[in-house]
>>> print(open('work02.txt').read())   # compact mmCIF, C-alpha atoms
# COMPACT_ATOMS: atom_id res chain seq x y z
CA MET A 57 10.85 26.97 44.98
CA GLY A 58 9.81 29.67 47.44
CA GLU A 59 11.55 32.87 48.44
CA ILE A 60 12.21 33.94 52.01
CA ASN A 61 8.97 35.07 53.58
CA TRP A 62 10.22 37.83 55.89
CA GLY A 63 6.90 38.23 57.68
CA ARG A 64 6.70 34.53 58.54
CA LEU A 65 10.41 34.55 59.40
CA ALA A 66 9.76 37.37 61.89
CA LEU A 67 6.81 35.49 63.37
CA GLY A 68 8.85 32.28 63.58
CA ALA A 69 11.69 34.22 65.18
CA LEU A 70 9.28 35.58 67.77
CA VAL A 71 8.00 32.08 68.58
CA ALA A 72 11.53 30.64 68.72
CA GLY A 73 12.73 33.60 70.79
CA ILE A 74 9.93 33.26 73.33
CA LEU A 75 10.61 29.54 73.62
CA ALA A 76 14.34 30.20 74.00
CA PHE A 77 13.67 32.83 76.70
CA LEU A 78 11.43 30.51 78.71
CA LEU A 79 13.72 27.50 78.32
CA ASP A 80 16.84 29.55 79.14
CA GLY A 81 15.05 30.67 82.31
CA LEU A 82 14.50 27.02 83.21
CA LEU A 83 18.11 26.23 82.31
CA HIS A 84 19.71 28.92 84.46
CA ALA A 85 17.19 29.40 87.28
CA VAL A 86 16.56 25.69 87.91
CA LEU A 87 18.98 23.27 86.23
CA LEU A 88 22.17 25.32 86.61
CA LYS A 89 21.19 27.24 89.75
CA PRO A 90 23.27 25.12 92.16
CA LEU A 91 26.34 25.64 89.98
CA TRP A 92 25.72 29.39 89.68
CA VAL A 93 25.22 29.69 93.47
CA ALA A 94 28.48 27.82 94.11
CA LEU A 95 30.29 30.08 91.64
CA ALA A 96 28.82 33.21 93.26
CA LYS A 97 29.94 31.97 96.68
CA SER A 98 33.46 31.46 95.36
CA TYR A 99 33.40 35.20 94.50
CA GLY A 100 32.22 36.13 98.01
CA GLN A 101 28.54 36.52 97.19
CA THR A 102 25.54 34.55 98.42
CA GLY A 103 24.26 33.57 95.00
CA ASN A 104 20.86 35.06 95.83
CA GLU A 105 21.65 38.71 95.07
CA PRO A 106 18.81 40.42 93.24
CA GLY A 107 19.47 40.94 89.56
CA ASP A 108 18.97 44.18 87.72
CA PRO A 109 15.44 44.25 86.25
CA THR A 110 16.88 45.40 82.93
CA ASP A 111 18.67 42.05 82.70
CA PHE A 112 15.38 40.56 81.46
CA VAL A 113 15.36 43.01 78.56
CA TYR A 114 18.90 41.95 77.65
CA TYR A 115 18.06 38.24 77.90
CA GLY A 116 14.85 38.74 75.94
CA LEU A 117 16.67 40.49 73.11
CA TYR A 118 19.43 37.88 73.16
CA ASP A 119 16.92 35.03 72.94
CA LEU A 120 14.99 36.81 70.17
CA ALA A 121 18.26 37.06 68.25
CA LYS A 122 18.90 33.33 68.78
CA GLY A 123 15.37 32.56 67.62
CA ALA A 124 15.76 34.76 64.55
CA ALA A 125 19.08 33.09 63.73
CA ALA A 126 17.56 29.61 64.03
CA VAL A 127 14.60 30.40 61.77
CA TRP A 128 16.81 32.22 59.26
CA VAL A 129 19.19 29.23 59.11
CA TYR A 130 16.13 26.97 58.70
CA ALA A 131 14.74 29.14 55.89
CA LEU A 132 18.06 29.02 54.05
CA ALA A 133 18.78 25.34 54.76
CA ARG A 134 15.38 24.08 53.63
CA LYS A 135 16.32 25.00 50.03
CA GLN A 136 19.13 22.41 50.17
CA LEU A 137 17.82 19.95 52.74
CA GLY A 138 14.08 20.24 52.29
CA PRO A 139 11.45 21.45 54.73
CA GLY A 140 10.61 19.68 57.93
CA PRO A 141 11.78 18.75 61.42
CA ARG A 142 15.15 17.30 60.33
CA THR A 143 16.18 20.62 58.81
CA ALA A 144 14.81 22.53 61.82
CA ILE A 145 16.83 20.31 64.15
CA LEU A 146 19.97 20.99 62.11
CA ALA A 147 19.24 24.74 62.27
CA GLY A 148 18.82 24.49 66.04
CA LEU A 149 22.07 22.54 66.38
CA THR A 150 23.89 25.14 64.30
CA VAL A 151 22.68 28.06 66.38
CA TRP A 152 23.29 26.13 69.62
CA ALA A 153 26.90 25.42 68.60
CA LEU A 154 27.51 29.07 67.68
CA THR A 155 25.89 30.52 70.82
CA VAL A 156 26.73 28.06 73.60
CA PRO A 157 29.62 25.55 73.46
CA ILE A 158 31.91 27.39 71.04
CA PRO A 159 31.75 30.75 72.89
CA LEU A 160 31.92 29.04 76.30
CA GLY A 161 34.96 27.07 75.19
CA GLY A 162 36.63 30.30 74.17
CA GLU A 163 36.00 31.80 77.62
CA LEU A 164 37.34 28.86 79.66
CA PRO A 165 40.96 30.11 79.76
CA PHE A 166 39.76 33.23 81.64
CA HIS A 167 38.55 31.03 84.54
CA TRP A 168 35.39 33.09 85.11
CA PHE A 169 33.50 29.84 85.44
CA GLY A 170 34.60 26.25 85.34
CA ARG A 171 34.43 23.51 82.80
CA ARG A 172 31.58 21.92 84.73
CA ILE A 173 29.29 24.91 84.19
CA ALA A 174 30.29 25.10 80.52
CA PHE A 175 29.64 21.37 80.09
CA PHE A 176 26.22 21.33 81.73
CA TRP A 177 25.21 24.64 80.13
CA SER A 178 26.03 23.13 76.74
CA LEU A 179 24.44 19.76 77.53
CA TYR A 180 21.18 21.11 78.95
CA GLY A 181 21.01 23.90 76.38
CA LEU A 182 21.15 21.50 73.42
CA PRO A 183 17.57 20.16 73.55
CA PHE A 184 16.26 23.61 74.42
CA ALA A 185 17.90 25.11 71.31
CA VAL A 186 16.40 22.36 69.17
CA ILE A 187 12.92 22.83 70.69
CA SER A 188 13.10 26.58 70.04
CA ALA A 189 14.18 26.04 66.44
CA LEU A 190 11.43 23.47 65.87
CA GLY A 191 8.85 25.92 67.20
CA GLY A 192 10.05 28.74 64.97
CA ALA A 193 10.38 26.49 61.93
CA TRP A 194 6.86 25.17 62.47
CA VAL A 195 5.58 28.74 62.00
CA TYR A 196 7.78 29.58 59.00
CA ARG A 197 6.48 29.12 55.46
CA PRO A 198 8.23 30.41 52.32
CA LYS A 199 6.60 32.70 49.84
CA VAL A 200 5.10 30.68 47.03
CA ILE A 201 6.08 31.93 43.60
CA ALA A 202 3.33 31.83 40.99
CA GLY A 203 3.60 28.76 38.79
CA SER A 204 5.77 26.76 41.19
CA PRO A 205 4.52 23.80 43.20
CA ALA A 206 3.35 24.77 46.68
CA GLN A 207 5.65 23.68 49.50
CA PRO A 208 4.84 23.28 53.18
>>> encode(input="work02.txt", output="structure tokens")
Amino acid sequence: MGEINWGRLALGALVAGILAFLLDGLLHAVLLKPLWVALAKSYGQTGNEPGDPTDFVYYGLYDLAKGAAAVWVYALARKQLGPGPRTAILAGLTVWALTVPIPLGGELPFHWFGRRIAFFWSLYGLPFAVISALGGAWVYRPKVIAGSPAQP
């Protein structure tokens, strides 16, 4: 049985984080854009206001954290569930649940955005979280301990 390989975990986190960043851009700038524009208009804005350039730093760090969480969950779960795509998918589902639908559900009573945005954000974000986790898990390999059988 292998130990956590922190170097490969960091590399997997980077891969998963980059994928998450790109896919979240697609999610919000394309798939959810009409909903975000409608919400902005309900607040008296046009929906096309320029964002702060530092927002990309925030989103990049956030997506790196999600990627790191997915690969870390994968590294821990593979000891019980075995290596491979099934375990990576479960890691992605876990991180997706903890970063998208559960927090969004907790914010709904504040009425900052509607159930429709929360629903489609969760729905569209699900495959993207899984793809990111699969990418990071593909990179991850545990440390092989001398005398133990090698594992993928």
>>> closest_residue(input="work02.txt", among="A:Ala124, A:Gly73, A:Leu65, A:Ile173", to="Lys89 (chain A)", atoms="all atoms listed in the file")
A:Ile173
>>> atom_distance(input="work02.txt", atom1="CA of Phe77 (chain A)", atom2="CA of Gly116 (chain A)")
6.1 Å
>>> atom_distance(input="work02.txt", atom1="CA of Ala66 (chain A)", atom2="CA of Ala185 (chain A)")
17.5 Å
>>> atom_distance(input="work02.txt", atom1="CA of Glu163 (chain A)", atom2="CA of Leu182 (chain A)")
18.6 Å
>>> residues_around(input="work02.txt", residues="region 105-111 of chain A", least_positions_apart="6", cutoff="10 Å", atoms="only C-alpha atoms", output="list of chain:residue names")
A:Val93, A:Ala96, A:Leu117
>>> residues_around(input="work02.txt", residues="Leu82 (chain A)", least_positions_apart="6", cutoff="10 Å", atoms="only C-alpha atoms", output="JSON, numbers by chain")
{"A": [76, 88, 89, 180, 181, 184]}
>>> closest_residue(input="work02.txt", among="A:Arg134, A:Arg64, A:Lys122, A:Arg172", to="Leu95 (chain A)", atoms="only C-alpha atoms")
A:Arg172
>>> residues_around(input="work02.txt", residues="Leu120 (chain A)", least_positions_apart="3", cutoff="12 Å", atoms="all atoms listed in the file", output="ChimeraX atom specification")
/A:65-78,80,112-117,123-128,188-189,192
>>> residues_around(input="work02.txt", residues="Leu132 (chain A)", least_positions_apart="3", cutoff="12 Å", atoms="only C-alpha atoms", output="MDAnalysis selection string")
chainID A and resid 57:62 65 125:129 135:139 143:144 146:147 193 196:198
>>> build_atoms(input="work02.txt", residues="region 61-88 of chain A", atoms="N, CA and C atoms", output="PDB file, in the frame of the given file")
ATOM      1  N   ASN A  61      10.155  34.346  53.159  1.00  0.00           N
ATOM      2  CA  ASN A  61       8.970  35.070  53.580  1.00  0.00           C
ATOM      3  C   ASN A  61       9.331  35.803  54.865  1.00  0.00           C
ATOM      4  N   TRP A  62       9.686  37.074  54.750  1.00  0.00           N
ATOM      5  CA  TRP A  62      10.220  37.830  55.890  1.00  0.00           C
ATOM      6  C   TRP A  62       9.198  38.002  57.002  1.00  0.00           C
ATOM      7  N   GLY A  63       7.929  38.113  56.654  1.00  0.00           N
ATOM      8  CA  GLY A  63       6.900  38.230  57.680  1.00  0.00           C
ATOM      9  C   GLY A  63       6.790  36.951  58.503  1.00  0.00           C
ATOM     10  N   ARG A  64       6.763  35.810  57.825  1.00  0.00           N
ATOM     11  CA  ARG A  64       6.700  34.530  58.540  1.00  0.00           C
ATOM     12  C   ARG A  64       8.009  34.242  59.271  1.00  0.00           C
ATOM     13  N   LEU A  65       9.138  34.706  58.707  1.00  0.00           N
ATOM     14  CA  LEU A  65      10.410  34.550  59.400  1.00  0.00           C
ATOM     15  C   LEU A  65      10.378  35.336  60.712  1.00  0.00           C
ATOM     16  N   ALA A  66       9.849  36.557  60.676  1.00  0.00           N
ATOM     17  CA  ALA A  66       9.760  37.370  61.890  1.00  0.00           C
ATOM     18  C   ALA A  66       8.843  36.708  62.921  1.00  0.00           C
ATOM     19  N   LEU A  67       7.722  36.170  62.462  1.00  0.00           N
ATOM     20  CA  LEU A  67       6.810  35.490  63.370  1.00  0.00           C
ATOM     21  C   LEU A  67       7.455  34.224  63.945  1.00  0.00           C
ATOM     22  N   GLY A  68       8.136  33.462  63.103  1.00  0.00           N
ATOM     23  CA  GLY A  68       8.850  32.280  63.580  1.00  0.00           C
ATOM     24  C   GLY A  68       9.957  32.643  64.553  1.00  0.00           C
ATOM     25  N   ALA A  69      10.644  33.750  64.273  1.00  0.00           N
ATOM     26  CA  ALA A  69      11.690  34.220  65.180  1.00  0.00           C
ATOM     27  C   ALA A  69      11.113  34.593  66.532  1.00  0.00           C
ATOM     28  N   LEU A  70       9.946  35.218  66.519  1.00  0.00           N
ATOM     29  CA  LEU A  70       9.280  35.580  67.770  1.00  0.00           C
ATOM     30  C   LEU A  70       8.925  34.331  68.576  1.00  0.00           C
ATOM     31  N   VAL A  71       8.351  33.338  67.903  1.00  0.00           N
ATOM     32  CA  VAL A  71       8.000  32.080  68.580  1.00  0.00           C
ATOM     33  C   VAL A  71       9.257  31.405  69.120  1.00  0.00           C
ATOM     34  N   ALA A  72      10.282  31.278  68.278  1.00  0.00           N
ATOM     35  CA  ALA A  72      11.530  30.640  68.720  1.00  0.00           C
ATOM     36  C   ALA A  72      12.186  31.431  69.838  1.00  0.00           C
ATOM     37  N   GLY A  73      12.135  32.761  69.752  1.00  0.00           N
ATOM     38  CA  GLY A  73      12.730  33.600  70.790  1.00  0.00           C
ATOM     39  C   GLY A  73      12.014  33.483  72.122  1.00  0.00           C
ATOM     40  N   ILE A  74      10.692  33.435  72.086  1.00  0.00           N
ATOM     41  CA  ILE A  74       9.930  33.260  73.330  1.00  0.00           C
ATOM     42  C   ILE A  74      10.234  31.901  73.947  1.00  0.00           C
ATOM     43  N   LEU A  75      10.254  30.867  73.112  1.00  0.00           N
ATOM     44  CA  LEU A  75      10.610  29.540  73.620  1.00  0.00           C
ATOM     45  C   LEU A  75      12.017  29.534  74.210  1.00  0.00           C
ATOM     46  N   ALA A  76      12.962  30.151  73.511  1.00  0.00           N
ATOM     47  CA  ALA A  76      14.340  30.200  74.000  1.00  0.00           C
ATOM     48  C   ALA A  76      14.416  30.945  75.335  1.00  0.00           C
ATOM     49  N   PHE A  77      13.679  32.041  75.457  1.00  0.00           N
ATOM     50  CA  PHE A  77      13.670  32.830  76.700  1.00  0.00           C
ATOM     51  C   PHE A  77      13.141  31.996  77.865  1.00  0.00           C
ATOM     52  N   LEU A  78      12.027  31.337  77.653  1.00  0.00           N
ATOM     53  CA  LEU A  78      11.430  30.510  78.710  1.00  0.00           C
ATOM     54  C   LEU A  78      12.336  29.336  79.069  1.00  0.00           C
ATOM     55  N   LEU A  79      12.870  28.670  78.061  1.00  0.00           N
ATOM     56  CA  LEU A  79      13.720  27.500  78.320  1.00  0.00           C
ATOM     57  C   LEU A  79      15.068  27.911  78.916  1.00  0.00           C
ATOM     58  N   ASP A  80      15.610  29.061  78.519  1.00  0.00           N
ATOM     59  CA  ASP A  80      16.840  29.550  79.140  1.00  0.00           C
ATOM     60  C   ASP A  80      16.595  29.903  80.607  1.00  0.00           C
ATOM     61  N   GLY A  81      15.399  30.414  80.909  1.00  0.00           N
ATOM     62  CA  GLY A  81      15.050  30.670  82.310  1.00  0.00           C
ATOM     63  C   GLY A  81      15.062  29.378  83.111  1.00  0.00           C
ATOM     64  N   LEU A  82      14.473  28.335  82.567  1.00  0.00           N
ATOM     65  CA  LEU A  82      14.500  27.020  83.210  1.00  0.00           C
ATOM     66  C   LEU A  82      15.939  26.520  83.363  1.00  0.00           C
ATOM     67  N   LEU A  83      16.713  26.685  82.309  1.00  0.00           N
ATOM     68  CA  LEU A  83      18.110  26.230  82.310  1.00  0.00           C
ATOM     69  C   LEU A  83      18.910  26.873  83.437  1.00  0.00           C
ATOM     70  N   HIS A  84      18.850  28.207  83.512  1.00  0.00           N
ATOM     71  CA  HIS A  84      19.710  28.920  84.460  1.00  0.00           C
ATOM     72  C   HIS A  84      19.117  29.028  85.861  1.00  0.00           C
ATOM     73  N   ALA A  85      17.805  29.202  85.968  1.00  0.00           N
ATOM     74  CA  ALA A  85      17.190  29.400  87.280  1.00  0.00           C
ATOM     75  C   ALA A  85      16.888  28.088  88.006  1.00  0.00           C
ATOM     76  N   VAL A  86      16.880  26.975  87.273  1.00  0.00           N
ATOM     77  CA  VAL A  86      16.560  25.690  87.910  1.00  0.00           C
ATOM     78  C   VAL A  86      17.715  24.703  87.723  1.00  0.00           C
ATOM     79  N   LEU A  87      18.003  24.338  86.485  1.00  0.00           N
ATOM     80  CA  LEU A  87      18.980  23.270  86.230  1.00  0.00           C
ATOM     81  C   LEU A  87      20.406  23.658  86.623  1.00  0.00           C
ATOM     82  N   LEU A  88      20.803  24.889  86.311  1.00  0.00           N
ATOM     83  CA  LEU A  88      22.170  25.320  86.610  1.00  0.00           C
ATOM     84  C   LEU A  88      22.282  26.120  87.897  1.00  0.00           C
TER      85      LEU A  88
END
